[in-house]
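The next block holds one structure in the form of C-alpha cells; read it before the comments.
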Amino acid sequence: MIASRRRFLAQSAATSVLALSSLSRSNLLAQGSAVSENHYEVVDVKQTTVKLEYRPAPRRNMDRELPHWRYTEFCEVQLKSQVTGTGETLLYYNWGVPSDLDVKRVIGRSAIEMMWDDTLGSGLQMALFDAVGKTAGVPVHALMGQKVHEKTPLSWWNIDTIAEDMASECQLAEQSGYRWYKTKGRPWFDVFAQMDAATKLVSESFKIDMDFNDTLRDADRAMPILERLAEYPQTDIFESPIPQSMVRDNQRITKKTDVKVAMHYGDPSPTTVVRSKCCDGFVIGGGATRVISRGRFCEQTEMPFWLQLVGSGMTAAFSLHFGGALEQAVWPAVNCHQLYEDDLLVQPIQVEEGYARVPDAPGIGYELNRDLVEKLKVPKPKRRPEPQRLIETSWPDGRKIYTASNGKVNFMLDAANRERYPFFEDGADTRLVENDGSDQWKRLYESARKKGPIAG
C-alpha cells in the first residue's frame, strides 16, 4: 500500500482525455444506452451573452472591484439526436472562454469524443456534457464515473464587504439553507469588525471561510491575525493566508492553528503539499478533465477539497455533478451564483442544511430560463468593461488612502501584496467614491491611478 502510494505521488496527476472519453463510453454501455453513435454528432452551436445584475448588498461591494462579473455567455449545442445541451461561461472570470475556432472544430464531431477537451472553454464543454447526458438519458455525473455522494455541500460567496453587509449576507445565507459563507480577508477592512457583526446574527454551527490571497505575507505576521480570528466558533477555513510557495511558513501556520488551511491546487506541487503537510486541503477548479484528474489525486492522497466553478445557476448545477462523482469533494463548493438577482434557472437549486442533492435527471438536470435570457441578452463586449472607480479607505484617526482602478482586475490586491496599505489595522473601512463628474473627483482619480494608492 505504501509503495503504491509512493508510485502514485511520483506520477503526474493528469488523466488523459482519451482515458476519460473511454470511461464515459463504458459508463454509457453500463447504463444500457442504446442510442446510435451518430446521434451524438454536433450539428449546431449558438451563443448568447447576457448582462446580469447583482443583488443590492453584493452590488455595493462588487462594483468596487468586479463590475465585469455581470457578463456571462450561454452556449447551446444541438446534436443529431435533436437534443440541445446548455453551458455557461462567465466571460471575465473563467478558466477558458470558447472562441469561434473552438465552435467550428466541434461541428461534425462526436460530442462524446469532444466533451473532455478542456481547451474548448467552459460553456462549450459544459453544453457538450449536457447534450450527451440528455441524448443518452443519463445524468452528467454518470459520464464522470461512479456516483459516490447523494448530496454535496455549497458555500454562499461574497467579496469582502462592509461589516453590515457581511452580517446581512451571512444571515440571509443561513435563512436560505446554507451553512457556509466564504469571503475575502483584506487589510482595507477590519476583519474583526466583520466577524463581530456577522457572528451576532448567525448560529455557532454556521461557518465562515476567509480567503486572504497571500495578504498576510508571512507566518510571523499572519499568526496573530489568524489566532484572533480562530477565537470565533464560526471560523472554519483560512484560504491562502500567505504566498503558497512559502512551504515552511505554511507548515507553521497549518500546524499552529486548529482552523483548516486551504490552498489552490498546483503551487506548490500537490506532491509537495501532501508530503510537507503545508495545508489541510485544496481548492480545485477548471475544465472537466482537470477537475476529475485532480479530484482523483485527492482520493488517492485523502486530501479534501472544495470545487470552485464560478457563474450563475447553470454553472452551479454543473458543479453538483463533480460533487457527486468525486469522493473528496467534501468542503463546500464555491459557485457565486448567489450574487445575482436571478440565477437564470427555471427551478433554483435547493439547499438544505448546507447541502444540495446531486441531480439524477438526464444531462445537467436543470433548465435555463430562456425567456429571462432573451430579456437580459446584450451584445458581447469586445473587451472587458472597465469603468473608472475611485476607492476610499479610512481609519478612525482620520487617515485616508485613495486607490484608483488602473485597467487591471486585481488592482487593490496587487497594492496590498506590495504592502501599500497599513497591515490589518482595527477600524479600517472602505467605500466606493461615487463619480459625481466633478473636477475634484477627476483630479483625485488621476492622481491615485498614476501614483498608486495615495494618502488623502
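To be explicit about the labels: the chains of the C-alpha cells are called A, B, and onward in the order shown, and within each one the residues are counted from 1, while ligands get numbers from 1 in the order they are shown.
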
Using only C-alpha atoms, what table do you get, as CSV, when you list each residue of segment 341-422 of chain A with an atom no more than 9 Å from segment 32-52 of chain A, its nearest pair of atoms, and their distance in Å rounded to one decimal, rows by chain then rising number?
residue,atom,partner,partner_atom,distance
A:Glu341,CA,A:Leu52,CA,7.6
A:Asp342,CA,A:Leu52,CA,7.8
A:Asp343,CA,A:Leu52,CA,8.9
A:Val373,CA,A:Val50,CA,6.5
A:Glu374,CA,A:Val50,CA,8.1
A:Lys375,CA,A:Val50,CA,8.5
A:Leu376,CA,A:Val50,CA,5.2
A:Lys377,CA,A:Val50,CA,4.0
A:Val378,CA,A:Val50,CA,5.3
A:Pro379,CA,A:Thr49,CA,6.4
A:Lys380,CA,A:Thr49,CA,5.6
A:Pro381,CA,A:Thr49,CA,8.7

Using 12 Å as the limit and counting only C-alpha atoms, can you tabulate each residue of segment 48-82 of chain A that touches segment 346-369 of chain A, with its shortest atom-to-atom distance in Å and the two atoms involved, as a Markdown table?
| residue | atom | partner | partner_atom | distance |
| --- | --- | --- | --- | --- |
| A:Phe74 | CA | A:Leu368 | CA | 9.3 |
| A:Cys75 | CA | A:Leu368 | CA | 10.9 |
| A:Glu76 | CA | A:Leu368 | CA | 10.4 |

Keeping only N, CA, C and O atoms, write those residues as a short mmCIF file (atom, residue, chain, number, x, y, z; two decimals), in the first residue's frame.
data_model
loop_
_atom_site.label_atom_id
_atom_site.label_comp_id
_atom_site.auth_asym_id
_atom_site.auth_seq_id
_atom_site.Cartn_x
_atom_site.Cartn_y
_atom_site.Cartn_z
N PHE A 74 -24.07 32.12 -22.64
CA PHE A 74 -24.65 30.78 -22.69
C PHE A 74 -24.41 30.17 -24.06
O PHE A 74 -24.53 30.83 -25.09
N CYS A 75 -24.04 28.91 -24.03
CA CYS A 75 -23.73 28.16 -25.24
C CYS A 75 -24.74 27.02 -25.37
O CYS A 75 -24.98 26.28 -24.41
N GLU A 76 -25.35 26.92 -26.52
CA GLU A 76 -26.32 25.85 -26.77
C GLU A 76 -25.81 24.98 -27.92
O GLU A 76 -25.55 25.47 -29.02
#

Contact table segment 82-185 of chain A vs segment 281-288 of chain A, cut-off 9 Å, shortest pair per residue, only C-alpha atoms, as a tab-separated table:
residue	atom	partner	partner_atom	distance
A:Asn94	CA	A:Gly286	CA	7.8
A:Trp95	CA	A:Gly286	CA	5.4
A:Gly96	CA	A:Gly287	CA	7.9
A:Met115	CA	A:Ala288	CA	8.4
A:Trp116	CA	A:Ala288	CA	6.3
A:Asp117	CA	A:Ala288	CA	7.9
A:Asp118	CA	A:Gly287	CA	4.9
A:Thr119	CA	A:Gly287	CA	8.0
A:Leu120	CA	A:Gly287	CA	8.9
A:Gly121	CA	A:Gly287	CA	7.4
A:Ser122	CA	A:Gly287	CA	6.6
A:Gln125	CA	A:Gly287	CA	7.9
A:Met126	CA	A:Ala288	CA	8.4
A:Met144	CA	A:Ala288	CA	8.8

Which polymer residues have any atom within 12 Å of an atom of Leu229 of chain A, counting only C-alpha atoms, with same-chain residues fewer than 2 positions away left out, as a PyMOL selection string? chain A and resi 185+190-196+199+208-210+222-227+231-238+257-259

Env of Ala57 of chain A: 9 Å cut, atoms = only C-alpha atoms, seq-sep filter 5 positions within chain, self excluded. Answer as a ChimeraX atom specification. /A:62,161,165-166,168-169,339

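Going from atom CA of Val132 of chain A over to atom CA of Ile107 of chain A, you cover 14.4 Å.
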
Using only C-alpha atoms, can you tell me which of A:Glu174, A:Asp267, A:Glu299, A:Glu446 comes closest to Ala198 of chain A?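 With only C-alpha atoms as the atom set, the closest residue is A:Glu174.
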
Atom CA of Met263 of chain A and atom CA of Ala230 of chain A are how many Å apart?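 The value is 17.9 Å.
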